[in-house]
>>> print(open('my_file_31.txt').read())   # compact mmCIF, C-alpha atoms
# COMPACT_ATOMS: atom_id res chain seq x y z
CA MET A 824 -0.75 5.87 -25.18
CA LEU A 825 -3.22 6.77 -27.92
CA LYS A 826 -1.71 9.34 -30.26
CA LYS A 827 -3.39 12.21 -32.06
CA ARG A 828 -3.73 11.47 -35.77
CA LEU A 829 -2.47 13.43 -38.72
CA GLY A 830 -5.19 12.73 -41.26
CA THR A 831 -5.38 13.58 -44.93
CA LEU A 832 -8.36 14.29 -47.14
CA VAL A 833 -8.62 13.47 -50.84
CA PHE A 834 -11.54 15.09 -52.65
CA VAL A 835 -12.54 13.51 -55.97
CA LYS A 836 -14.68 15.38 -58.50
CA ASN A 837 -15.31 14.22 -62.07
CA SER A 838 -13.03 11.22 -61.37
CA ILE A 839 -9.95 13.29 -60.52
CA VAL A 840 -8.59 14.65 -57.28
CA VAL A 841 -9.21 18.36 -56.96
CA GLN A 842 -8.05 21.09 -54.68
CA SER A 843 -11.22 22.55 -53.22
CA ILE A 844 -11.58 26.14 -52.10
CA GLY A 845 -14.65 26.76 -49.97
CA PHE A 846 -16.56 24.01 -51.84
CA GLU A 847 -16.90 26.51 -54.68
CA GLN A 848 -13.72 26.51 -56.73
CA TYR A 849 -11.94 23.35 -57.77
CA LEU A 850 -8.44 22.99 -59.20
CA PRO A 851 -7.34 19.68 -60.76
CA ILE A 852 -4.58 17.74 -58.99
CA GLY A 853 -4.38 14.24 -60.51
CA LYS A 854 -5.46 10.62 -60.42
CA PRO A 855 -6.95 9.39 -57.11
CA GLU A 856 -4.80 6.25 -57.06
CA VAL A 857 -1.58 8.27 -57.44
CA VAL A 858 -2.51 10.73 -54.69
CA VAL A 859 -3.65 7.98 -52.29
CA LYS A 860 -0.52 5.90 -52.94
CA ASN A 861 1.66 8.91 -52.12
CA LEU A 862 -0.18 9.53 -48.85
CA ASP A 863 0.25 5.87 -47.94
CA ASP A 864 3.97 6.01 -48.72
CA TRP A 865 4.33 9.16 -46.65
CA GLU A 866 2.68 7.34 -43.69
CA ALA A 867 -0.28 9.59 -43.09
CA ASP A 868 -2.22 8.31 -40.07
CA GLU A 869 -5.44 7.97 -42.06
CA ILE A 870 -6.79 8.80 -45.51
CA ILE A 871 -10.27 10.22 -46.01
CA LEU A 872 -11.43 9.67 -49.58
CA ILE A 873 -14.51 11.64 -50.59
CA ASP A 874 -16.10 11.07 -53.97
CA ASN A 875 -18.17 14.11 -54.82
CA ASP A 876 -19.65 12.49 -57.95
CA SER A 877 -21.11 9.72 -55.78
CA SER A 878 -22.59 12.26 -53.40
CA ASN A 879 -24.52 13.67 -56.35
CA SER A 880 -25.53 10.31 -57.84
CA ARG A 881 -26.21 8.80 -54.37
CA ILE A 882 -24.42 5.60 -55.32
CA PRO A 883 -21.09 4.79 -53.58
CA ASN A 884 -18.16 4.55 -55.96
CA LEU A 885 -17.19 0.94 -55.28
CA LYS A 886 -14.89 0.90 -58.31
CA LEU A 887 -12.87 3.76 -56.85
CA ILE A 888 -12.66 1.97 -53.47
CA GLN A 889 -11.53 -1.24 -55.20
CA LYS A 890 -8.98 0.66 -57.27
CA VAL A 891 -7.53 2.16 -54.11
CA ALA A 892 -7.67 -1.15 -52.21
CA ASN A 893 -5.82 -2.84 -55.06
CA LEU A 894 -2.89 -0.51 -54.39
CA ASN A 895 -2.33 -2.56 -51.23
CA ILE A 896 -2.32 0.55 -49.10
CA ARG A 897 -1.51 0.01 -45.44
CA THR A 898 -3.10 3.18 -44.12
CA PRO A 899 -6.64 3.25 -42.68
CA LEU A 900 -9.09 4.37 -45.37
CA ILE A 901 -12.30 6.27 -44.61
CA TYR A 902 -14.61 6.49 -47.62
CA GLY A 903 -17.41 9.00 -48.08
CA GLY A 904 -19.81 9.62 -50.95
CA GLY A 905 -23.23 8.28 -51.95
CA ILE A 906 -23.85 6.11 -48.86
CA LYS A 907 -27.59 6.17 -48.30
CA ASN A 908 -28.25 3.00 -46.29
CA ALA A 909 -26.72 0.08 -44.39
CA LYS A 910 -26.28 -2.02 -47.54
CA ASP A 911 -24.16 0.70 -49.15
CA ALA A 912 -22.01 1.00 -46.03
CA VAL A 913 -21.38 -2.76 -45.87
CA GLU A 914 -20.43 -2.83 -49.57
CA CYS A 915 -17.92 -0.01 -49.04
CA ILE A 916 -16.29 -1.93 -46.17
CA LYS A 917 -16.26 -5.21 -48.10
CA ASN A 918 -14.60 -3.53 -51.07
CA GLY A 919 -11.74 -1.99 -49.13
CA ALA A 920 -12.84 0.90 -46.91
CA ASP A 921 -12.05 0.55 -43.22
CA ARG A 922 -14.59 3.10 -42.06
CA VAL A 923 -17.32 5.07 -43.78
CA LEU A 924 -18.19 8.74 -43.72
CA ILE A 925 -21.81 9.82 -43.97
CA ASN A 926 -23.22 13.26 -44.53
CA GLN A 927 -26.34 13.52 -46.67
CA ILE A 928 -28.24 10.83 -44.69
CA TYR A 929 -28.21 13.27 -41.80
CA PHE A 930 -30.53 15.49 -43.85
CA ASP A 931 -32.44 12.85 -45.84
CA ASN A 932 -33.03 9.91 -43.49
CA ILE A 933 -31.55 10.32 -40.03
CA TYR A 934 -33.06 7.01 -38.83
CA GLU A 935 -30.97 5.03 -41.29
CA VAL A 936 -27.86 6.04 -39.33
CA SER A 937 -28.67 3.63 -36.49
CA LYS A 938 -29.24 0.79 -38.97
CA ILE A 939 -25.78 1.35 -40.44
CA SER A 940 -24.23 1.47 -36.99
CA ASP A 941 -25.99 -1.74 -35.91
CA LEU A 942 -24.38 -3.60 -38.80
CA ILE A 943 -20.87 -2.21 -39.10
CA GLY A 944 -20.35 -0.97 -35.53
CA LYS A 945 -20.24 2.63 -34.37
CA GLU A 946 -16.43 2.69 -34.50
CA SER A 947 -16.64 2.33 -38.28
CA LEU A 948 -19.04 5.22 -38.71
CA VAL A 949 -17.92 8.84 -39.00
CA LEU A 950 -20.39 11.68 -39.42
CA SER A 951 -19.28 14.57 -41.61
CA LEU A 952 -20.63 18.03 -40.78
CA ASN A 953 -19.87 21.08 -42.89
CA LEU A 954 -20.10 23.92 -40.41
CA SER A 955 -19.73 27.67 -40.16
CA ILE A 956 -20.48 30.41 -37.70
CA ILE A 957 -23.07 32.91 -38.82
CA LYS A 958 -23.99 35.74 -36.47
CA ASN A 959 -22.41 33.81 -33.57
CA PHE A 960 -24.54 30.70 -34.19
CA LEU A 961 -23.36 27.35 -35.48
CA HIS A 962 -24.76 26.61 -38.94
CA ILE A 963 -24.67 23.47 -41.04
CA LEU A 964 -24.52 23.26 -44.82
CA ASP A 965 -26.75 20.87 -46.74
CA TYR A 966 -24.25 20.44 -49.56
CA LYS A 967 -26.74 19.00 -52.03
CA LYS A 968 -29.34 21.73 -51.62
CA ARG A 969 -26.74 24.38 -50.86
CA ILE A 970 -28.78 25.54 -47.88
CA GLU A 971 -27.26 26.74 -44.61
CA SER A 972 -29.37 26.39 -41.48
CA GLN A 973 -28.88 26.59 -37.75
CA ILE A 974 -27.92 23.15 -36.50
CA ASN A 975 -30.31 21.10 -34.33
CA LEU A 976 -27.94 19.92 -31.63
CA LYS A 977 -30.54 17.85 -29.72
CA ASP A 978 -31.07 15.48 -32.66
CA LEU A 979 -27.37 15.36 -33.28
CA GLU A 980 -26.61 14.53 -29.65
CA LEU A 981 -28.89 11.50 -29.78
CA ILE A 982 -27.50 10.26 -33.07
CA TYR A 983 -23.92 10.67 -31.88
CA LYS A 984 -24.40 8.96 -28.52
CA ASN A 985 -25.64 5.67 -29.92
CA ASN A 986 -24.29 5.43 -33.41
CA ILE A 987 -21.31 7.58 -34.23
CA SER A 988 -17.71 7.25 -33.09
CA GLU A 989 -16.29 10.49 -34.45
CA ILE A 990 -17.39 13.63 -36.24
CA LEU A 991 -15.48 15.21 -39.12
CA VAL A 992 -15.91 18.94 -38.55
CA THR A 993 -15.23 20.87 -41.74
CA ASP A 994 -15.01 24.62 -41.69
CA TYR A 995 -16.23 24.77 -45.27
CA LYS A 996 -16.12 28.54 -45.62
CA ASN A 997 -12.42 28.61 -44.82
CA GLU A 998 -11.47 25.42 -46.60
CA GLY A 999 -8.49 26.00 -48.88
CA LYS A 1000 -7.52 29.26 -47.19
CA LYS A 1001 -4.21 29.85 -45.46
CA ASN A 1002 -4.58 29.88 -41.67
CA GLY A 1003 -8.32 29.91 -42.20
CA PHE A 1004 -9.87 27.52 -39.66
CA ASN A 1005 -12.43 29.27 -37.45
CA PHE A 1006 -11.80 28.09 -33.87
CA GLN A 1007 -15.12 29.59 -32.84
CA ILE A 1008 -16.73 26.37 -34.20
CA LEU A 1009 -14.94 24.23 -31.61
CA LYS A 1010 -16.01 26.49 -28.77
CA ASN A 1011 -19.59 25.24 -29.05
CA ASN A 1012 -20.40 23.15 -25.95
CA PHE A 1013 -21.76 20.36 -28.12
CA PHE A 1014 -18.25 19.34 -29.13
CA LYS A 1015 -16.82 19.20 -25.61
CA ASN A 1016 -17.40 15.48 -25.03
CA LYS A 1017 -17.22 14.33 -28.66
CA LYS A 1018 -14.27 12.90 -30.55
CA ILE A 1019 -13.71 15.05 -33.58
CA LEU A 1020 -11.59 15.27 -36.70
CA VAL A 1021 -11.02 18.86 -37.81
CA TYR A 1022 -10.56 20.01 -41.40
CA GLY A 1023 -10.61 23.19 -43.43
CA GLY A 1024 -7.96 25.87 -43.70
CA ILE A 1025 -5.50 24.14 -41.37
CA ASN A 1026 -1.92 24.57 -42.57
CA THR A 1027 0.19 26.48 -40.07
CA THR A 1028 2.26 25.42 -37.06
CA SER A 1029 0.41 27.76 -34.75
CA GLN A 1030 -2.89 26.14 -35.73
CA PHE A 1031 -1.51 22.67 -34.94
CA ARG A 1032 -0.28 23.87 -31.59
CA ARG A 1033 -3.65 25.38 -30.81
CA LEU A 1034 -5.69 22.40 -32.03
CA PHE A 1035 -3.72 19.97 -29.93
CA ARG A 1036 -4.77 21.74 -26.78
CA TYR A 1037 -8.28 20.45 -27.46
CA LYS A 1038 -8.54 17.04 -25.81
CA ASN A 1039 -11.50 16.11 -28.00
CA VAL A 1040 -9.61 16.63 -31.27
CA SER A 1041 -8.49 13.14 -32.24
CA SER A 1042 -7.32 13.97 -35.74
CA VAL A 1043 -6.10 17.05 -37.57
CA VAL A 1044 -6.90 16.60 -41.23
CA LEU A 1045 -4.87 18.19 -43.99
CA GLY A 1046 -5.94 18.59 -47.58
CA ASN A 1047 -4.70 21.01 -50.14
CA CYS A 1048 -1.33 21.79 -48.54
CA LEU A 1049 -0.24 18.16 -49.10
CA ASN A 1050 -0.28 18.67 -52.84
CA TYR A 1051 2.64 21.06 -52.67
CA GLY A 1052 5.36 19.16 -50.87
CA GLU A 1053 6.04 15.48 -50.43
CA SER A 1054 7.87 15.91 -47.11
CA TYR A 1055 5.02 17.76 -45.50
CA ILE A 1056 3.75 14.86 -43.36
CA TYR A 1057 7.25 13.72 -42.48
CA ASN A 1058 8.30 17.23 -41.46
CA ILE A 1059 5.25 17.86 -39.34
CA LYS A 1060 5.70 14.55 -37.52
CA LYS A 1061 9.44 15.00 -37.14
CA LYS A 1062 9.24 18.50 -35.75
CA SER A 1063 6.00 17.92 -33.94
CA LYS A 1064 5.63 18.35 -30.25
CA TYR A 1065 1.92 17.85 -30.68
CA GLY A 1066 1.63 14.14 -29.89
CA PHE A 1067 1.61 12.60 -33.36
CA ARG A 1068 2.90 9.09 -33.91
CA LYS A 1069 6.38 9.46 -35.40
CA MET B 1145 0.91 -21.75 -47.92
CA LYS B 1146 -2.74 -20.78 -48.33
CA VAL B 1147 -4.76 -18.48 -46.13
CA CYS B 1148 -8.55 -18.58 -45.98
CA ILE B 1149 -10.31 -15.36 -45.00
CA VAL B 1150 -13.64 -16.31 -43.49
CA ASP B 1151 -16.44 -14.27 -45.01
CA TYR B 1152 -19.15 -13.51 -42.46
CA ASN B 1153 -20.75 -11.01 -44.76
CA LEU B 1154 -19.43 -7.97 -42.89
CA GLY B 1155 -15.68 -7.96 -42.65
CA ASN B 1156 -13.11 -5.83 -44.46
CA ILE B 1157 -12.31 -8.72 -46.78
CA LYS B 1158 -10.62 -6.70 -49.51
CA SER B 1159 -8.25 -4.95 -47.08
CA ILE B 1160 -7.16 -8.29 -45.63
CA GLN B 1161 -6.72 -9.86 -49.06
CA SER B 1162 -4.58 -6.93 -50.20
CA PHE B 1163 -2.52 -7.28 -47.03
CA PHE B 1164 -1.71 -10.94 -47.65
CA SER B 1165 -0.96 -10.20 -51.28
CA LYS B 1166 1.56 -7.60 -50.05
CA LEU B 1167 3.14 -10.41 -48.00
CA ASN B 1168 3.23 -12.63 -51.11
CA ILE B 1169 0.87 -15.12 -49.49
CA ASP B 1170 -2.00 -16.67 -51.46
CA SER B 1171 -5.38 -16.10 -49.91
CA PHE B 1172 -8.97 -16.92 -50.73
CA VAL B 1173 -12.32 -15.96 -49.26
CA SER B 1174 -14.95 -18.49 -48.22
CA ASP B 1175 -17.86 -19.13 -45.92
CA MET B 1176 -17.91 -22.87 -46.64
CA GLU B 1177 -16.51 -25.37 -44.16
CA LYS B 1178 -15.00 -27.69 -46.77
CA LYS B 1179 -13.07 -24.91 -48.48
CA ILE B 1180 -11.91 -23.33 -45.22
CA GLU B 1181 -10.63 -26.72 -44.04
CA ASN B 1182 -8.20 -26.83 -46.97
CA ALA B 1183 -6.39 -23.68 -45.87
CA ASP B 1184 -3.16 -23.74 -43.86
CA ILE B 1185 -4.20 -20.68 -41.90
CA ILE B 1186 -7.72 -19.43 -41.10
CA VAL B 1187 -8.25 -15.69 -40.72
CA LEU B 1188 -11.32 -14.14 -39.12
CA PRO B 1189 -11.32 -10.47 -40.14
CA GLY B 1190 -12.59 -7.43 -38.26
CA VAL B 1191 -15.25 -4.75 -38.82
CA GLY B 1192 -18.91 -5.39 -37.99
CA THR B 1193 -20.91 -6.04 -34.85
CA PHE B 1194 -20.49 -9.05 -32.55
CA GLY B 1195 -24.13 -10.21 -32.72
CA SER B 1196 -24.35 -10.02 -36.52
CA ALA B 1197 -21.09 -11.93 -36.96
CA MET B 1198 -22.08 -14.73 -34.54
CA LYS B 1199 -25.51 -14.99 -36.16
CA PHE B 1200 -23.88 -15.45 -39.56
CA LEU B 1201 -21.37 -18.04 -38.29
CA LYS B 1202 -24.17 -20.05 -36.67
CA SER B 1203 -26.33 -19.87 -39.80
CA ARG B 1204 -23.49 -21.59 -41.71
CA LYS B 1205 -22.61 -23.89 -38.78
CA LEU B 1206 -19.18 -22.34 -38.88
CA ASP B 1207 -19.22 -21.73 -35.11
CA LYS B 1208 -18.80 -25.44 -34.33
CA PHE B 1209 -16.30 -25.84 -37.13
CA ILE B 1210 -14.09 -23.01 -35.85
CA ILE B 1211 -14.24 -24.34 -32.28
CA LYS B 1212 -13.10 -27.71 -33.61
CA GLN B 1213 -10.21 -26.13 -35.55
CA PHE B 1214 -9.13 -24.14 -32.48
CA LYS B 1215 -9.09 -27.30 -30.36
CA LYS B 1216 -7.15 -29.12 -33.09
CA LYS B 1217 -4.57 -26.28 -32.83
CA LYS B 1218 -4.98 -25.29 -36.45
CA PRO B 1219 -3.29 -21.90 -37.10
CA ILE B 1220 -5.97 -19.22 -36.71
CA ILE B 1221 -5.67 -15.44 -36.75
CA GLY B 1222 -8.50 -13.33 -35.35
CA ILE B 1223 -8.42 -9.63 -36.17
CA CYS B 1224 -10.38 -7.10 -34.10
CA LEU B 1225 -13.97 -8.47 -34.09
CA GLY B 1226 -12.47 -11.71 -35.42
CA MET B 1227 -10.55 -12.02 -32.13
CA GLN B 1228 -13.49 -11.01 -29.94
CA LEU B 1229 -15.63 -13.88 -31.28
CA PHE B 1230 -13.35 -16.44 -29.55
CA PHE B 1231 -14.32 -15.10 -26.12
CA GLU B 1232 -17.32 -15.85 -23.91
CA GLY B 1233 -19.35 -12.98 -25.25
CA SER B 1234 -19.91 -9.27 -25.77
CA CYS B 1235 -22.29 -6.58 -24.57
CA GLU B 1236 -22.35 -4.92 -27.99
CA ASN B 1237 -25.98 -3.97 -28.76
CA GLY B 1238 -27.29 -6.48 -26.17
CA ASN B 1239 -25.72 -9.57 -24.65
CA HIS B 1240 -24.31 -12.02 -27.17
CA LYS B 1241 -22.57 -15.34 -26.65
CA GLY B 1242 -19.30 -15.95 -28.44
CA LEU B 1243 -17.41 -19.13 -29.30
CA ASN B 1244 -16.54 -19.42 -25.59
CA LEU B 1245 -12.97 -20.62 -26.04
CA ILE B 1246 -11.39 -17.85 -23.94
CA LYS B 1247 -12.75 -16.40 -20.71
CA GLY B 1248 -13.89 -12.80 -20.81
CA ILE B 1249 -16.78 -10.62 -21.91
CA PHE B 1250 -16.24 -7.55 -24.09
CA LYS B 1251 -17.58 -4.42 -22.46
CA ARG B 1252 -18.14 -1.00 -23.96
CA ASN B 1253 -15.35 1.55 -23.72
CA LEU B 1254 -16.39 4.93 -22.40
CA VAL B 1255 -15.12 6.33 -25.69
CA SER B 1256 -14.33 4.29 -28.82
CA HIS B 1257 -10.63 3.42 -29.06
CA ILE B 1258 -9.65 4.71 -32.49
CA GLY B 1259 -6.18 5.50 -33.73
CA TRP B 1260 -2.57 4.58 -33.14
CA ASN B 1261 -1.62 3.13 -29.77
CA ASN B 1262 1.42 1.21 -28.58
CA LEU B 1263 1.66 -2.23 -27.03
CA GLN B 1264 3.01 -3.27 -23.63
CA THR B 1265 3.42 -6.65 -22.01
CA ASN B 1266 3.77 -8.19 -18.59
CA ASN B 1267 5.11 -11.36 -20.18
CA GLN B 1268 8.01 -11.97 -22.47
CA ASP B 1269 8.04 -9.66 -25.53
CA PHE B 1270 7.68 -12.71 -27.79
CA TYR B 1271 6.97 -10.82 -31.02
CA LYS B 1272 9.36 -7.92 -30.23
CA ILE B 1273 6.55 -5.39 -30.60
CA LYS B 1274 6.68 -3.72 -27.18
CA ASN B 1275 6.24 0.08 -27.54
CA LYS B 1276 5.44 -0.23 -31.24
CA TYR B 1277 2.36 1.53 -32.61
CA PHE B 1278 -0.58 -0.26 -34.23
CA TYR B 1279 -3.94 0.97 -35.55
CA PHE B 1280 -6.98 0.30 -33.35
CA ASN B 1281 -10.65 0.81 -34.18
CA HIS B 1282 -13.06 -0.70 -31.66
CA SER B 1283 -15.64 0.26 -29.06
CA TYR B 1284 -15.60 -2.88 -26.86
CA SER B 1285 -12.67 -4.31 -24.90
CA VAL B 1286 -11.58 -6.92 -22.35
CA LYS B 1287 -8.91 -6.40 -19.74
CA ASP B 1288 -5.46 -7.84 -20.27
CA LEU B 1289 -5.31 -11.59 -19.59
CA LYS B 1290 -2.01 -12.16 -17.84
CA LYS B 1291 -2.31 -15.91 -17.71
CA TYR B 1292 -1.82 -16.18 -21.48
CA GLN B 1293 0.96 -14.84 -23.69
CA SER B 1294 -0.42 -11.41 -24.33
CA TYR B 1295 0.15 -7.71 -24.95
CA TYR B 1296 -1.97 -4.85 -23.66
CA SER B 1297 -2.49 -1.16 -24.44
CA ASN B 1298 -3.28 1.65 -22.09
CA TYR B 1299 -6.69 3.06 -22.91
CA GLU B 1300 -9.11 3.77 -20.08
CA ASN B 1301 -7.71 0.53 -18.59
CA LYS B 1302 -5.09 -1.99 -19.53
CA ILE B 1303 -6.96 -3.50 -22.47
CA LEU B 1304 -6.03 -6.71 -24.24
CA SER B 1305 -4.29 -5.99 -27.57
CA LEU B 1306 -2.86 -9.36 -28.60
CA ILE B 1307 -3.31 -12.87 -27.28
CA LYS B 1308 -1.59 -16.10 -28.25
CA ILE B 1309 -2.94 -19.48 -27.23
CA ASP B 1310 -1.27 -22.42 -28.95
CA ASN B 1311 -1.78 -21.71 -32.65
CA PHE B 1312 -4.41 -19.02 -32.18
CA VAL B 1313 -3.30 -15.38 -32.41
CA GLY B 1314 -5.90 -12.72 -31.73
CA MET B 1315 -5.23 -9.06 -32.35
CA GLN B 1316 -7.53 -6.28 -31.21
CA PHE B 1317 -5.76 -3.86 -33.57
CA HIS B 1318 -5.67 -4.03 -37.36
CA PRO B 1319 -2.27 -5.31 -38.56
CA GLU B 1320 -3.40 -4.81 -42.16
CA LYS B 1321 -3.68 -1.08 -41.47
CA SER B 1322 -0.68 -0.67 -39.22
CA GLN B 1323 1.81 0.08 -41.98
CA LYS B 1324 5.29 -1.42 -41.57
CA ASN B 1325 4.71 -2.58 -37.98
CA GLY B 1326 1.68 -4.59 -39.12
CA ILE B 1327 3.61 -6.23 -41.94
CA GLU B 1328 6.57 -7.14 -39.73
CA LEU B 1329 4.30 -8.60 -37.06
CA MET B 1330 2.29 -10.67 -39.51
CA LYS B 1331 5.49 -12.10 -40.99
CA LEU B 1332 6.54 -13.19 -37.49
CA VAL B 1333 3.13 -14.68 -36.71
CA ILE B 1334 3.14 -16.72 -39.91
CA ARG B 1335 6.73 -17.82 -39.33
CA SER B 1336 5.78 -18.98 -35.82
CA PHE B 1337 2.98 -21.10 -37.32
CA SER B 1338 5.27 -22.73 -39.83
CA HIS B 1339 7.68 -23.63 -37.02
CA ALA B 1340 4.94 -25.04 -34.81
>>> encode(input="my_file_31.txt", output="structure tokens")
Amino acid sequence: MLKKRLGTLVFVKNSIVVQSIGFEQYLPIGKPEVVVKNLDDWEADEIILIDNDSSNSRIPNLKLIQKVANLNIRTPLIYGGGIKNAKDAVECIKNGADRVLINQIYFDNIYEVSKISDLIGKESLVLSLNLSIIKNFLHILDYKKRIESQINLKDLELIYKNNISEILVTDYKNEGKKNGFNFQILKNNFFKNKKILVYGGINTTSQFRRLFRYKNVSSVVLGNCLNYGESYIYNIKKKSKYGFRK
Amino acid sequence: MKVCIVDYNLGNIKSIQSFFSKLNIDSFVSDMEKKIENADIIVLPGVGTFGSAMKFLKSRKLDKFIIKQFKKKKPIIGICLGMQLFFEGSCENGNHKGLNLIKGIFKRNLVSHIGWNNLQTNNQDFYKIKNKYFYFNHSYSVKDLKKYQSYYSNYENKILSLIKIDNFVGMQFHPEKSQKNGIELMKLVIRSFSHA
């Protein structure tokens, strides 16, 4: 039986891992290779590595991927940052990523998404959406331009159907906040038949319990809370009645 | 012992190389027949689409070479897409012919099979991996093939997870990303080759 995943997210800014709060404040944590190695040792179900510097430069950080791959990690690695076309995606996979995460292409060149999918397969492609609810409507953040707009679900439906295996839904306004995740986001009909990874302000047992009632949630992704206790993953899995692999 | 990871310009080469290095096994990457022939074990890695991988193999005439090695019972490991290529074909982005060494056509899952799933078998549990969890990441599957030594996983149907024919071992999951279960299995697979 396919298990729900307990994912982890590592956010790199200025070459170090940072604790992000609402994509606005950043606190330094440490070297990416040390953080990733720990998550691998703790047997997280997957590691999402996002390089913010690459998102700005629009060039994937292949050196960072290689550095992480050279650690001989045995946990699936999803890399995001600076991927603008199929060539970039293939290079990320060749250098050690198992799947790639795209975000800015959705705003800049939506047609490139199908080209990436045609080459690496839709199962290796995850779309990252930074979402929030504003006046009861689902809004998306263009991180680069810092613009929030109402999301066009028709375009997204088409892109998802043919090219995307899973969507990383980030509640960016509540990211880094205790018990912050806004469940209103998941109530949108668009997500009903999509496989999603959820991230942002998820850190309490009651949230886990609630998230695991959603059949479409394939992975619950933790971030900041992992930096404050090395038994966190072990404890969640051990105590969990939520269907994680133990 | 030397392992050659076949480069078809798509696969997760670095992940596989790191995996063999963790097992203290020397590996090298090549897309040239003469170099691949020198290896004790040939590995076809995963990640990528069926059509693109077959097109690349044919462009290097590696399709005929791999068929020959399979028939010669050379130890071969196919991982994910690397396993699928040994079958008749796949419906991924059109209809594509495979190496046609095993009967079966890969058909699209209703939903991509991504994550940790366990293995079951109708045959003998020859690798002692029944009920153990491995990491899957694929959108196309074939049904379990009972006539061969095989394992299956329950996902939409009973889908083929591992197949062993002579010295060919195909795995739909990614042993290199399956943490300690992946390492233990690969050690057993390699040991079984060295005893063959």
>>> interface_residues(input="my_file_31.txt", of="chain A", to="chain B", cutoff="10 Å", atoms="all atoms listed in the file", output="PyMOL selection string")
chain A and resi 824-828+863-864+866-869+888-889+892-900+912-922+939-947+985+987-989+1016-1018+1041-1042+1067-1069
>>> residues_around(input="my_file_31.txt", residues="Lys1308 of chain B", least_positions_apart="6", cutoff="7 Å", atoms="all atoms listed in the file", output="ChimeraX atom specification")
/B:1292-1294,1314
>>> closest_residue(input="my_file_31.txt", among="B:Ile1221, B:Lys1276, B:Ile1211, B:Asn1267", to="Asp1184 of chain B", atoms="all atoms listed in the file")
B:Ile1221
>>> residues_around(input="my_file_31.txt", residues="Lys1146 of chain B", least_positions_apart="6", cutoff="6 Å", atoms="all atoms listed in the file", output="number ranges by chain")
B: 1170-1171, 1183-1184
>>> atom_distance(input="my_file_31.txt", atom1="atom CA of Val1044 of chain A", atom2="atom CA of Val833 of chain A")
10.3 Å
>>> atom_distance(input="my_file_31.txt", atom1="atom CA of Ile906 of chain A", atom2="atom CA of Ile963 of chain A")
19.1 Å
>>> residues_around(input="my_file_31.txt", residues="Tyr1152 of chain B", least_positions_apart="6", cutoff="10 Å", atoms="all atoms listed in the file", output="PDB file with C-alpha atoms, in the frame of the given file")
ATOM      1  CA  VAL B1173     -12.320 -15.960 -49.260  1.00  0.00           C
ATOM      2  CA  SER B1174     -14.950 -18.490 -48.220  1.00  0.00           C
ATOM      3  CA  ASP B1175     -17.860 -19.130 -45.920  1.00  0.00           C
ATOM      4  CA  LEU B1188     -11.320 -14.140 -39.120  1.00  0.00           C
ATOM      5  CA  PRO B1189     -11.320 -10.470 -40.140  1.00  0.00           C
ATOM      6  CA  GLY B1190     -12.590  -7.430 -38.260  1.00  0.00           C
ATOM      7  CA  GLY B1192     -18.910  -5.390 -37.990  1.00  0.00           C
ATOM      8  CA  SER B1196     -24.350 -10.020 -36.520  1.00  0.00           C
ATOM      9  CA  ALA B1197     -21.090 -11.930 -36.960  1.00  0.00           C
ATOM     10  CA  MET B1198     -22.080 -14.730 -34.540  1.00  0.00           C
ATOM     11  CA  LYS B1199     -25.510 -14.990 -36.160  1.00  0.00           C
ATOM     12  CA  PHE B1200     -23.880 -15.450 -39.560  1.00  0.00           C
ATOM     13  CA  LEU B1201     -21.370 -18.040 -38.290  1.00  0.00           C
ATOM     14  CA  SER B1203     -26.330 -19.870 -39.800  1.00  0.00           C
ATOM     15  CA  ARG B1204     -23.490 -21.590 -41.710  1.00  0.00           C
ATOM     16  CA  LEU B1206     -19.180 -22.340 -38.880  1.00  0.00           C
ATOM     17  CA  GLY B1226     -12.470 -11.710 -35.420  1.00  0.00           C
TER      18      GLY B1226
END
